[in-house]
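What's in final-v1.cif: mmCIF, C-alpha atoms
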```cif
data_input
loop_
_atom_site.label_atom_id
_atom_site.label_comp_id
_atom_site.auth_asym_id
_atom_site.auth_seq_id
_atom_site.Cartn_x
_atom_site.Cartn_y
_atom_site.Cartn_z
CA MET A 4 -96.63 77.10 -9.20
CA LYS A 5 -95.18 73.81 -10.45
CA LEU A 6 -93.57 73.61 -13.90
CA LYS A 7 -96.13 71.01 -15.00
CA THR A 8 -98.97 73.33 -14.03
CA LEU A 9 -97.33 76.25 -15.83
CA PHE A 10 -96.81 74.15 -18.90
CA VAL A 11 -100.49 73.11 -18.93
CA LYS A 12 -101.73 76.63 -18.35
CA TYR A 13 -99.21 78.52 -20.55
CA PRO A 14 -97.71 75.89 -22.91
CA TYR A 15 -96.26 78.22 -25.54
CA LEU A 16 -94.86 80.77 -23.09
CA THR A 17 -93.33 78.04 -20.93
CA SER A 18 -91.72 76.33 -23.93
CA ILE A 19 -90.26 79.60 -25.17
CA SER A 20 -88.92 80.38 -21.67
CA ILE A 21 -87.26 76.96 -21.37
CA VAL A 22 -85.65 77.28 -24.80
CA PHE A 23 -84.51 80.80 -23.92
CA LEU A 24 -82.88 79.59 -20.69
CA ILE A 25 -81.14 76.74 -22.52
CA VAL A 26 -79.77 79.14 -25.14
CA ILE A 27 -78.56 81.55 -22.45
CA GLY A 28 -76.93 78.63 -20.64
CA ILE A 29 -75.11 77.54 -23.79
CA TYR A 30 -73.84 81.07 -24.46
CA VAL A 31 -72.66 81.35 -20.85
CA TYR A 32 -70.97 77.92 -20.92
CA TYR A 33 -69.29 78.14 -24.33
CA PRO A 34 -66.63 80.76 -23.42
CA PHE A 35 -65.47 78.56 -20.54
CA GLN A 36 -65.34 75.55 -22.85
CA GLN A 37 -63.31 77.58 -25.35
CA ARG A 38 -60.86 78.72 -22.68
CA ASN A 39 -60.36 75.08 -21.69
CA GLU A 40 -59.64 74.16 -25.32
CA ILE A 41 -57.21 77.05 -25.73
CA PHE A 42 -55.29 76.26 -22.55
CA SER A 43 -55.27 72.57 -23.45
CA VAL A 44 -53.31 73.55 -26.57
CA TYR A 45 -51.06 75.89 -24.60
CA SER A 46 -50.21 73.09 -22.16
CA HIS A 47 -48.20 71.51 -25.00
CA LEU A 48 -46.07 74.61 -25.56
CA ASP A 49 -42.50 74.82 -24.32
CA GLN A 50 -42.92 76.85 -21.15
CA ASN A 51 -39.23 77.40 -20.45
CA PRO A 52 -37.25 78.11 -23.65
CA LYS A 53 -33.52 78.55 -23.19
CA PRO A 54 -31.29 81.12 -24.89
CA GLY A 55 -30.07 79.80 -28.24
CA ASN A 56 -26.49 78.69 -28.84
CA ARG A 57 -26.31 79.54 -32.54
CA LEU A 58 -23.54 82.01 -33.41
CA LEU A 59 -23.90 84.56 -36.17
CA PRO A 60 -22.24 83.16 -39.32
CA PRO A 61 -19.37 85.41 -40.51
CA LYS A 62 -19.76 87.22 -43.84
CA ASP A 63 -16.25 88.68 -44.12
CA LYS A 64 -15.89 87.98 -47.84
CA GLN A 65 -19.20 89.57 -48.80
CA GLU A 66 -19.45 93.18 -49.92
CA TYR A 67 -23.26 93.16 -49.60
CA ILE A 68 -25.53 91.71 -46.92
CA ARG A 69 -28.72 90.37 -48.49
CA ILE A 70 -31.91 91.08 -46.52
CA LEU A 71 -35.40 89.69 -47.12
CA ALA A 72 -38.47 91.31 -45.50
CA ILE A 73 -41.97 89.89 -45.98
CA GLU A 74 -45.10 91.80 -44.99
CA GLY A 75 -48.05 90.37 -43.09
CA GLY A 76 -51.39 89.81 -44.78
CA GLY A 77 -52.96 86.41 -44.18
CA VAL A 78 -53.73 84.50 -47.37
CA TYR A 79 -52.17 87.38 -49.30
CA GLY A 80 -48.87 85.75 -48.38
CA LEU A 81 -49.43 83.95 -51.67
CA LEU A 82 -48.11 87.06 -53.48
CA PRO A 83 -44.61 87.06 -51.92
CA ALA A 84 -44.60 83.26 -52.17
CA HIS A 85 -44.90 83.57 -55.96
CA VAL A 86 -42.02 86.07 -56.07
CA LEU A 87 -39.84 83.75 -53.98
CA LYS A 88 -40.81 80.79 -56.15
CA TYR A 89 -39.52 82.65 -59.21
CA ILE A 90 -36.30 83.67 -57.42
CA GLU A 91 -35.63 80.07 -56.37
CA GLU A 92 -36.31 78.65 -59.82
CA LYS A 93 -34.32 81.33 -61.65
CA SER A 94 -31.30 81.11 -59.34
CA GLY A 95 -31.34 77.36 -58.79
CA LYS A 96 -30.79 78.01 -55.08
CA PRO A 97 -33.10 77.99 -52.03
CA VAL A 98 -34.10 81.19 -50.28
CA CYS A 99 -32.03 80.31 -47.20
CA GLU A 100 -28.83 80.42 -49.32
CA LEU A 101 -29.74 83.64 -51.12
CA PHE A 102 -30.43 85.83 -48.08
CA ASP A 103 -28.27 86.51 -45.04
CA VAL A 104 -31.05 87.96 -42.87
CA ILE A 105 -34.75 87.08 -43.22
CA MET A 106 -37.63 88.75 -41.39
CA GLY A 107 -41.34 88.15 -41.86
CA THR A 108 -44.42 89.41 -40.06
CA SER A 109 -47.44 87.17 -39.47
CA THR A 110 -47.95 85.26 -42.74
CA GLY A 111 -44.45 86.50 -43.62
CA ALA A 112 -43.17 84.76 -40.49
CA ILE A 113 -44.71 81.52 -41.71
CA LEU A 114 -42.92 81.87 -45.05
CA SER A 115 -39.65 82.87 -43.37
CA VAL A 116 -39.72 79.75 -41.23
CA LEU A 117 -41.06 77.40 -43.87
CA LEU A 118 -38.21 78.20 -46.28
CA THR A 119 -35.50 77.80 -43.66
CA ILE A 120 -36.60 74.59 -41.88
CA PRO A 121 -33.93 71.88 -42.31
CA ASP A 122 -34.61 68.31 -43.36
CA GLN A 123 -32.68 65.31 -42.01
CA ASN A 124 -29.74 66.24 -44.29
CA ASN A 125 -29.70 69.87 -43.09
CA LYS A 126 -31.04 71.05 -46.43
CA PRO A 127 -34.21 73.15 -46.90
CA LYS A 128 -37.24 70.96 -46.28
CA TYR A 129 -39.65 73.05 -48.37
CA THR A 130 -39.51 75.19 -51.49
CA ALA A 131 -41.52 78.34 -52.14
CA ALA A 132 -43.57 76.35 -54.67
CA GLU A 133 -44.49 73.91 -51.90
CA GLY A 134 -45.35 76.89 -49.71
CA ILE A 135 -47.95 78.00 -52.26
CA GLU A 136 -49.52 74.56 -52.12
CA ILE A 137 -49.57 74.64 -48.31
CA TYR A 138 -51.68 77.82 -48.40
CA ARG A 139 -54.21 76.00 -50.58
CA LYS A 140 -54.15 72.78 -48.61
CA ASP A 141 -54.12 74.04 -45.03
CA GLY A 142 -55.64 77.50 -45.07
CA GLN A 143 -58.95 76.10 -43.87
CA ASN A 144 -57.24 74.53 -40.85
CA ILE A 145 -55.47 77.74 -39.86
CA PHE A 146 -58.67 79.77 -40.29
CA TYR A 147 -60.86 77.10 -38.68
CA ASN A 148 -64.29 78.46 -37.87
CA PRO A 149 -67.04 75.78 -37.76
CA TRP A 150 -70.67 76.81 -37.91
CA TYR A 151 -71.38 76.35 -34.19
CA HIS A 152 -68.35 78.49 -33.27
CA ARG A 153 -69.55 81.27 -35.57
CA ILE A 154 -72.97 81.19 -33.92
CA LEU A 155 -71.79 80.98 -30.32
CA THR A 156 -69.18 83.75 -30.67
CA LEU A 157 -71.38 85.87 -32.96
CA ASN A 158 -68.60 85.41 -35.54
CA GLY A 159 -65.90 86.76 -33.29
CA VAL A 160 -67.82 89.35 -31.26
CA LEU A 161 -67.91 87.27 -28.05
CA GLY A 162 -64.52 85.60 -28.44
CA PRO A 163 -61.71 84.88 -30.93
CA ARG A 164 -63.16 84.32 -34.38
CA TYR A 165 -61.08 81.21 -35.05
CA MET A 166 -60.41 78.10 -33.02
CA THR A 167 -56.79 77.31 -32.34
CA THR A 168 -56.30 73.53 -32.09
CA LYS A 169 -56.11 72.82 -35.83
CA ARG A 170 -53.78 75.79 -36.35
CA TYR A 171 -51.32 74.32 -33.86
CA GLU A 172 -51.58 70.94 -35.56
CA VAL A 173 -50.66 72.53 -38.91
CA PHE A 174 -47.58 74.21 -37.43
CA LYS A 175 -46.51 70.94 -35.81
CA VAL A 176 -46.91 69.00 -39.05
CA TYR A 177 -44.64 71.32 -41.03
CA ALA A 178 -42.20 72.48 -38.34
CA GLY A 179 -42.05 69.26 -36.34
CA ASN A 180 -39.75 69.55 -33.34
CA THR A 181 -37.44 72.08 -35.00
CA TYR A 182 -36.06 74.78 -32.73
CA PHE A 183 -35.53 78.39 -33.68
CA ASP A 184 -31.73 78.14 -33.65
CA GLN A 185 -31.82 75.20 -36.09
CA LEU A 186 -33.15 77.26 -39.00
CA LEU A 187 -30.85 77.52 -42.01
CA SER A 188 -30.52 81.31 -42.08
CA ASN A 189 -30.55 84.27 -39.72
CA VAL A 190 -34.26 84.73 -39.02
CA ILE A 191 -36.11 87.51 -37.17
CA ILE A 192 -39.72 87.12 -36.05
CA PRO A 193 -41.68 90.04 -34.56
CA ALA A 194 -44.39 89.51 -31.96
CA TYR A 195 -46.32 91.74 -29.57
CA GLU A 196 -46.42 91.11 -25.82
CA ASP A 197 -49.93 91.98 -24.66
CA THR A 198 -49.54 92.33 -20.88
CA SER A 199 -46.70 94.87 -21.07
CA ASN A 200 -47.64 96.42 -24.44
CA ALA A 201 -44.14 95.65 -25.69
CA PRO A 202 -43.03 95.05 -29.29
CA LEU A 203 -40.57 92.13 -29.42
CA LEU A 204 -38.07 90.97 -32.03
CA PHE A 205 -36.98 87.34 -31.69
CA VAL A 206 -33.71 86.35 -33.41
CA ASN A 207 -32.23 82.88 -33.81
CA TRP A 208 -28.63 83.81 -33.05
CA LYS A 209 -26.85 85.03 -29.94
CA GLN A 210 -26.53 88.80 -29.93
CA GLN A 211 -26.51 91.22 -27.03
CA GLY A 212 -29.57 93.43 -26.86
CA LEU A 213 -31.78 91.12 -28.96
CA LEU A 214 -34.26 88.51 -27.76
CA ASP A 215 -32.68 85.13 -28.50
CA LEU A 216 -35.02 82.78 -26.62
CA ASN A 217 -34.86 79.41 -28.34
CA PHE A 218 -38.52 78.55 -28.83
CA MET A 219 -39.73 75.52 -30.69
CA ILE A 220 -40.76 76.95 -34.07
CA SER A 221 -44.34 75.68 -33.93
CA ASP A 222 -44.75 77.38 -30.53
CA LEU A 223 -43.25 80.71 -31.57
CA LEU A 224 -45.43 80.82 -34.68
CA MET A 225 -48.53 80.34 -32.54
CA GLY A 226 -47.85 83.67 -30.87
CA ALA A 227 -46.37 85.53 -33.84
CA VAL A 228 -49.36 84.67 -36.05
CA SER A 229 -52.20 85.47 -33.61
CA THR A 230 -54.01 88.51 -34.94
CA PRO A 231 -55.94 90.13 -32.05
CA GLY A 232 -59.65 89.41 -32.27
CA TYR A 233 -59.12 86.60 -34.76
CA PHE A 234 -56.92 84.31 -32.64
CA PRO A 235 -56.35 84.21 -28.88
CA GLY A 236 -53.13 85.64 -27.47
CA VAL A 237 -50.69 82.80 -26.79
CA VAL A 238 -49.57 82.36 -23.18
CA PHE A 239 -46.08 81.23 -22.22
CA GLY A 240 -45.21 80.96 -18.53
CA PHE A 241 -41.72 81.59 -17.18
CA GLY A 242 -41.88 80.93 -13.45
CA LYS A 243 -43.86 83.81 -12.00
CA ASP A 244 -43.65 85.75 -15.27
CA GLN A 245 -45.69 85.24 -18.39
CA PHE A 246 -45.50 86.15 -22.04
CA VAL A 247 -48.78 86.68 -23.87
CA LEU A 248 -47.83 86.95 -27.52
CA SER A 249 -49.89 88.33 -30.38
CA ASP A 250 -49.28 89.07 -34.04
CA GLY A 251 -46.26 91.26 -34.84
CA GLY A 252 -48.38 93.09 -37.40
CA VAL A 253 -49.61 95.21 -34.48
CA PHE A 254 -46.42 97.27 -34.83
CA ALA A 255 -44.42 96.00 -37.84
CA ASN A 256 -46.69 94.77 -40.61
CA ASN A 257 -44.00 95.95 -43.02
CA PRO A 258 -40.79 94.67 -41.36
CA SER A 259 -38.34 96.11 -43.91
CA LEU A 260 -36.95 98.93 -41.75
CA ALA A 261 -36.58 96.68 -38.69
CA ALA A 262 -34.90 93.99 -40.81
CA ALA A 263 -32.43 96.51 -42.23
CA LEU A 264 -31.56 97.92 -38.80
CA VAL A 265 -31.02 94.49 -37.24
CA ALA A 266 -28.92 93.41 -40.25
CA MET A 267 -26.84 96.56 -39.88
CA LYS A 268 -26.27 95.74 -36.19
CA ALA A 269 -25.41 92.11 -36.97
CA TYR A 270 -23.15 92.92 -39.93
CA PRO A 271 -21.87 96.52 -39.56
CA ASN A 272 -19.79 98.42 -42.09
CA LYS A 273 -21.28 96.64 -45.08
CA LYS A 274 -23.46 97.53 -48.04
CA TYR A 275 -26.97 96.14 -48.08
CA ILE A 276 -29.46 94.71 -50.56
CA LEU A 277 -33.01 94.80 -49.19
CA VAL A 278 -35.76 92.80 -50.87
CA SER A 279 -39.12 93.91 -49.48
CA LEU A 280 -42.16 91.84 -50.47
CA GLY A 281 -45.64 93.28 -50.06
CA THR A 282 -48.94 91.46 -49.73
CA GLY A 283 -51.01 93.60 -52.06
CA THR A 284 -52.72 96.95 -51.86
CA VAL A 285 -56.35 97.06 -52.84
CA LYS A 286 -56.83 99.99 -55.18
CA GLY A 287 -60.15 101.57 -54.34
CA GLN A 288 -61.76 104.79 -55.38
CA ASP A 289 -60.01 107.98 -54.33
CA ILE A 290 -61.74 109.62 -51.38
CA SER A 291 -62.96 113.14 -52.00
CA TYR A 292 -61.46 115.83 -49.78
CA LYS A 293 -64.99 117.21 -49.43
CA LYS A 294 -66.00 114.01 -47.66
CA VAL A 295 -62.89 113.64 -45.49
CA VAL A 296 -63.07 117.10 -43.91
CA GLY A 297 -66.52 116.31 -42.55
CA TRP A 298 -65.79 112.81 -41.22
CA GLY A 299 -66.33 111.91 -37.58
CA ALA A 300 -65.55 108.79 -35.55
CA LEU A 301 -68.13 106.67 -37.38
CA GLN A 302 -66.75 107.37 -40.87
CA TRP A 303 -63.10 107.15 -39.81
CA GLY A 304 -63.84 103.95 -37.90
CA GLU A 305 -64.36 102.18 -41.21
CA GLU A 306 -61.11 103.49 -42.69
CA ILE A 307 -58.67 103.97 -39.84
CA ILE A 308 -57.22 100.42 -39.57
CA GLY A 309 -56.42 100.20 -43.26
CA THR A 310 -55.12 103.77 -43.22
CA LEU A 311 -52.77 103.09 -40.32
CA ILE A 312 -51.42 99.87 -41.82
CA ASN A 313 -50.92 101.25 -45.33
CA SER A 314 -49.39 104.52 -44.16
CA GLY A 315 -47.03 102.69 -41.80
CA MET A 316 -45.86 100.40 -44.58
CA LYS A 317 -45.24 103.30 -46.95
CA PHE A 318 -43.46 105.34 -44.25
CA ASN A 319 -41.00 102.49 -43.70
CA ASN A 320 -40.07 102.60 -47.37
CA VAL A 321 -39.69 106.39 -47.29
CA LEU A 322 -37.31 106.17 -44.33
CA LEU A 323 -35.24 103.49 -46.03
CA GLU A 324 -34.98 105.44 -49.27
CA LYS A 325 -34.47 108.92 -47.79
CA ALA A 326 -33.00 108.60 -44.30
CA PHE A 327 -31.23 105.25 -43.89
CA PRO A 328 -27.64 106.06 -42.88
CA PHE A 329 -25.90 103.27 -44.84
CA PRO A 330 -25.89 102.26 -48.52
CA VAL A 331 -28.95 100.11 -49.17
CA ASP A 332 -30.32 99.02 -52.54
CA ILE A 333 -34.04 98.42 -52.22
CA TYR A 334 -36.11 96.05 -54.34
CA TYR A 335 -39.79 96.38 -53.47
CA PHE A 336 -42.29 94.05 -55.08
CA ASP A 337 -45.99 94.59 -54.51
CA THR A 338 -49.10 95.12 -56.56
CA ASP A 339 -52.25 97.23 -56.62
CA ILE A 340 -55.23 94.92 -56.81
CA THR A 341 -58.35 96.10 -58.57
CA GLY A 342 -61.79 94.56 -58.45
CA LEU A 343 -61.01 92.49 -55.36
CA LYS A 344 -61.79 93.32 -51.75
CA LYS A 345 -58.81 92.50 -49.53
CA ILE A 346 -60.02 89.83 -47.11
CA PHE A 347 -56.94 88.32 -45.50
CA ASN A 348 -58.88 85.35 -44.06
CA ASP A 349 -60.84 84.22 -47.15
CA ILE A 350 -59.62 80.68 -47.83
CA SER A 351 -62.30 79.74 -50.39
CA PRO A 352 -60.90 77.94 -53.47
CA ALA A 353 -62.13 80.69 -55.81
CA TYR A 354 -60.44 83.43 -53.78
CA LEU A 355 -57.15 81.52 -53.52
CA LEU A 356 -57.23 80.88 -57.27
CA ARG A 357 -57.62 84.61 -57.87
CA LEU A 358 -54.69 85.37 -55.56
CA ASN A 359 -52.51 82.84 -57.35
CA LYS A 360 -53.29 84.59 -60.63
CA GLU A 361 -52.38 87.92 -59.02
CA GLY A 362 -49.09 86.36 -57.90
CA ASP A 363 -48.31 85.20 -61.43
CA THR A 364 -49.12 88.67 -62.76
CA LEU A 365 -46.87 90.30 -60.15
CA VAL A 366 -43.95 88.15 -61.27
CA LYS A 367 -44.55 88.76 -64.98
CA LYS A 368 -44.75 92.53 -64.54
CA ASN A 369 -41.46 92.59 -62.64
CA GLN A 370 -39.57 89.88 -64.49
CA LYS A 371 -36.76 92.13 -65.71
CA GLN A 372 -36.11 93.55 -62.25
CA LEU A 373 -36.34 90.07 -60.71
CA ASN A 374 -33.74 88.76 -63.15
CA GLU A 375 -31.40 91.61 -62.19
CA LEU A 376 -32.02 90.87 -58.52
CA VAL A 377 -31.22 87.17 -58.91
CA THR A 378 -27.85 88.03 -60.50
CA ARG A 379 -27.00 90.27 -57.56
CA LEU A 380 -28.13 87.73 -54.96
CA LEU A 381 -25.89 85.10 -56.52
CA ASN A 382 -22.87 87.44 -56.38
CA PRO A 383 -23.05 89.39 -53.11
#
```
What does the file become when written as structure tokens?
Amino acid sequence: MKLKTLFVKYPYLTSISIVFLIVIGIYVYYPFQQRNEIFSVYSHLDQNPKPGNRLLPPKDKQEYIRILAIEGGGVYGLLPAHVLKYIEEKSGKPVCELFDVIMGTSTGAILSVLLTIPDQNNKPKYTAAEGIEIYRKDGQNIFYNPWYHRILTLNGVLGPRYMTTKRYEVFKVYAGNTYFDQLLSNVIIPAYEDTSNAPLLFVNWKQQGLLDLNFMISDLLMGAVSTPGYFPGVVFGFGKDQFVLSDGGVFANNPSLAAALVAMKAYPNKKYILVSLGTGTVKGQDISYKKVVGWGALQWGEEIIGTLINSGMKFNNVLLEKAFPFPVDIYYFDTDITGLKKIFNDISPAYLLRLNKEGDTLVKKNQKQLNELVTRLLNP
């Protein structure tokens, strides 16, 4: 039976069928279109990074090695940014001159890089205060999720929740053509290699046993800040081999222990000052033991991710305080947040304003300890 005849005989049913087929066609086509967009971005990445040539700066005259570790947490990176802003203003020096080893995970990697990128005079290009403004200005481009993408991926069910082109453009704007070994301090960036299930630590100096591939910073950040399910894994090709990098928060959302161990390897037989910056813990209601003992997969499914991340972060601190084999003085700055659900990808102006207020409160509550820390950082 011809379509015209069907349409005359069953107009409503035929119209609904045609619309249904068009919708199905769009949903089938869109993933292929998205893959093309993703790989179009990846075609601009440096596909053959060389080992870096930067040597580890000597610290013979220092008694203490100063270590900075910044947790992952999306827009909650505003909290450590406020702490670093205070440290810079109080000391009169940039972060890259106050810390000998810097490691950040995910949003912490962005801050680590941002505060160590050189300008044309080989001075820090950005301050922590400018970093706070960048979160406000460009958060919507990093977490770019237009209405049609939300519909056609069912808000991340059928593909990565966020598109990736604008994110790459943001990294290029702020990092330019800077390479990893050009940063103004010793920087460590964790990432996860998806195809081999391997945790990776990238360092920007030459050291045996550590991964010193000299990526362009914008490219490395693309992989190191790609939370699974939210952003696509980032593909780098090396001849027949490939890296597929995802967010280092998969294994090291709190990078303090890893940072301390790498610093100890880089600068052995020293004392260590570790500054660990958290990205906020949402203080909810205590869970009754009567409920927990009866939980199955459904109930734990709602809690397990947060439980794993929070317990892992706390365990790192326990190991550093109780079991670390060398003298380390730990300064940990974080805050319990009440009355606010932790949504690491909420870039609405009202939410960012609230986080900025939390950052100010965090600094005020710890001002005495921060002042003590600044004195020690200036005299290592």
Region 263-266 of chain A surroundings by only C-alpha atoms, 10 Å radius, close-in-sequence under 5 positions cut, as a PyMOL selection string: chain A and resi 68-72+103-106+189+191+204+206+213+258+271+273+275-278+323+327-329+331
Go ahead and save the picked residues with C-alpha atoms, as a PDB file, keeping the file's coordinate frame.
```
ATOM      1  CA  ILE A  68     -25.530  91.710 -46.920  1.00  0.00           C
ATOM      2  CA  ARG A  69     -28.720  90.370 -48.490  1.00  0.00           C
ATOM      3  CA  ILE A  70     -31.910  91.080 -46.520  1.00  0.00           C
ATOM      4  CA  LEU A  71     -35.400  89.690 -47.120  1.00  0.00           C
ATOM      5  CA  ALA A  72     -38.470  91.310 -45.500  1.00  0.00           C
ATOM      6  CA  ASP A 103     -28.270  86.510 -45.040  1.00  0.00           C
ATOM      7  CA  VAL A 104     -31.050  87.960 -42.870  1.00  0.00           C
ATOM      8  CA  ILE A 105     -34.750  87.080 -43.220  1.00  0.00           C
ATOM      9  CA  MET A 106     -37.630  88.750 -41.390  1.00  0.00           C
ATOM     10  CA  ASN A 189     -30.550  84.270 -39.720  1.00  0.00           C
ATOM     11  CA  ILE A 191     -36.110  87.510 -37.170  1.00  0.00           C
ATOM     12  CA  LEU A 204     -38.070  90.970 -32.030  1.00  0.00           C
ATOM     13  CA  VAL A 206     -33.710  86.350 -33.410  1.00  0.00           C
ATOM     14  CA  LEU A 213     -31.780  91.120 -28.960  1.00  0.00           C
ATOM     15  CA  PRO A 258     -40.790  94.670 -41.360  1.00  0.00           C
ATOM     16  CA  PRO A 271     -21.870  96.520 -39.560  1.00  0.00           C
ATOM     17  CA  LYS A 273     -21.280  96.640 -45.080  1.00  0.00           C
ATOM     18  CA  TYR A 275     -26.970  96.140 -48.080  1.00  0.00           C
ATOM     19  CA  ILE A 276     -29.460  94.710 -50.560  1.00  0.00           C
ATOM     20  CA  LEU A 277     -33.010  94.800 -49.190  1.00  0.00           C
ATOM     21  CA  VAL A 278     -35.760  92.800 -50.870  1.00  0.00           C
ATOM     22  CA  LEU A 323     -35.240 103.490 -46.030  1.00  0.00           C
ATOM     23  CA  PHE A 327     -31.230 105.250 -43.890  1.00  0.00           C
ATOM     24  CA  PRO A 328     -27.640 106.060 -42.880  1.00  0.00           C
ATOM     25  CA  PHE A 329     -25.900 103.270 -44.840  1.00  0.00           C
ATOM     26  CA  VAL A 331     -28.950 100.110 -49.170  1.00  0.00           C
TER      27      VAL A 331
END
```
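Taking CA of Ser115 (chain A) and CA of Leu216 (chain A) as the two end points, the separation is 17.4 Å.
Under the PyMOL selection byres ((chain A and resi 111) around 7), the matching residues in the shown file are A:Ile73, A:Glu74, A:Gly75, A:Gly80, A:Gly107, A:Thr108, A:Ser109, A:Thr110, A:Ala112, A:Ile113, A:Leu114, A:Ser115.
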Result set, the PyMOL selection byres ((chain A and resi 335) around 12) on current file, as a VMD selection string: chain A and resid 70 to 74 83 86 257 259 276 to 283 316 to 317 319 to 321 323 to 324 332 to 334 336 to 338 365 369 372 to 373 376
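Take the PyMOL selection byres ((chain A and resi 54) around 7) and apply it to this file: it picks A:Pro52, A:Lys53, A:Gly55, A:Asn56, A:Asp215, A:Leu216, A:Asn217.
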Restricted to C-alpha atoms, what would the selected residues look like written as a PDB file, in the frame of the given file?
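The new file part-v2.pdb reads:
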```pdb
ATOM      1  CA  PRO A  52     -37.250  78.110 -23.650  1.00  0.00           C
ATOM      2  CA  LYS A  53     -33.520  78.550 -23.190  1.00  0.00           C
ATOM      3  CA  GLY A  55     -30.070  79.800 -28.240  1.00  0.00           C
ATOM      4  CA  ASN A  56     -26.490  78.690 -28.840  1.00  0.00           C
ATOM      5  CA  ASP A 215     -32.680  85.130 -28.500  1.00  0.00           C
ATOM      6  CA  LEU A 216     -35.020  82.780 -26.620  1.00  0.00           C
ATOM      7  CA  ASN A 217     -34.860  79.410 -28.340  1.00  0.00           C
TER       8      ASN A 217
END
```
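Closest to Leu87 (chain A) among A:Glu172, A:Tyr45, A:Phe239, A:Thr130 is A:Thr130, based on all atoms listed in the file.
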Which value, in Å to one decimal, gives the distance between CA of Gln370 (chain A) and CA of Glu66 (chain A)? 25.1 Å
Show which residues sit within 8 Å of Leu186 (chain A), as a PDB file with C-alpha atoms, in the coordinates of the input. Count only C-alpha atoms, and ignore same-chain residues fewer than 5 positions away.
```
ATOM      1  CA  VAL A 116     -39.720  79.750 -41.230  1.00  0.00           C
ATOM      2  CA  THR A 119     -35.500  77.800 -43.660  1.00  0.00           C
ATOM      3  CA  ILE A 120     -36.600  74.590 -41.880  1.00  0.00           C
ATOM      4  CA  PRO A 121     -33.930  71.880 -42.310  1.00  0.00           C
ATOM      5  CA  THR A 181     -37.440  72.080 -35.000  1.00  0.00           C
ATOM      6  CA  ASN A 207     -32.230  82.880 -33.810  1.00  0.00           C
TER       7      ASN A 207
END
```
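Proximity ranking of A:Tyr165, A:Phe174, A:Tyr32, A:Tyr79 relative to Ile135 (chain A) places A:Tyr79 first, based on all atoms listed in the file.
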Between A:Ala201, A:Val160, A:Ile220, A:Ile90, which is the closest to Tyr182 (chain A) once you count all atoms listed in the file? A:Ile220
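Of the listed residues (A:Met166, A:Leu356, A:Ala132, A:Leu82), A:Ala132 comes nearest to Val98 (chain A); the distances count all atoms listed in the file.
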Would you be able to write out as JSON, numbers by chain which residues have an atom within 12 Å of (-71.0, 84.2, -25.6) in the file's coordinates, counting all atoms listed in the file? {"A": [26, 27, 28, 29, 30, 31, 32, 33, 34, 35, 36, 37, 38, 151, 152, 153, 154, 155, 156, 157, 158, 159, 160, 161, 162, 163, 164]}
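Candidate residues A:Asp363, A:Gln50, A:Tyr171, A:Val237 were compared for distance to Thr198 (chain A), and the nearest is A:Val237, using all atoms listed in the file.
Across the model, the gap from CA of Gly251 (chain A) to CA of Asp197 (chain A) is 10.8 Å.
With only C-alpha atoms as the atoms that count, the residue of A:Leu223, A:Ile145, A:Leu81, A:Asn256 with the shortest distance to Lys360 (chain A) is A:Leu81.
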Give me the residues near Leu203 (chain A) as an MDAnalysis selection string, where near means some atom within 8 Å (using only C-alpha atoms) and where sequence neighbours in that chain fewer than 6 positions away do not count. chainID A and resid 193:196 214 251
Export of prior selection with C-alpha atoms as a short mmCIF file (atom, residue, chain, number, x, y, z; two decimals), keeping the file's coordinate frame:
```cif
data_model
loop_
_atom_site.label_atom_id
_atom_site.label_comp_id
_atom_site.auth_asym_id
_atom_site.auth_seq_id
_atom_site.Cartn_x
_atom_site.Cartn_y
_atom_site.Cartn_z
CA PRO A 193 -41.68 90.04 -34.56
CA ALA A 194 -44.39 89.51 -31.96
CA TYR A 195 -46.32 91.74 -29.57
CA GLU A 196 -46.42 91.11 -25.82
CA LEU A 214 -34.26 88.51 -27.76
CA GLY A 251 -46.26 91.26 -34.84
#
```
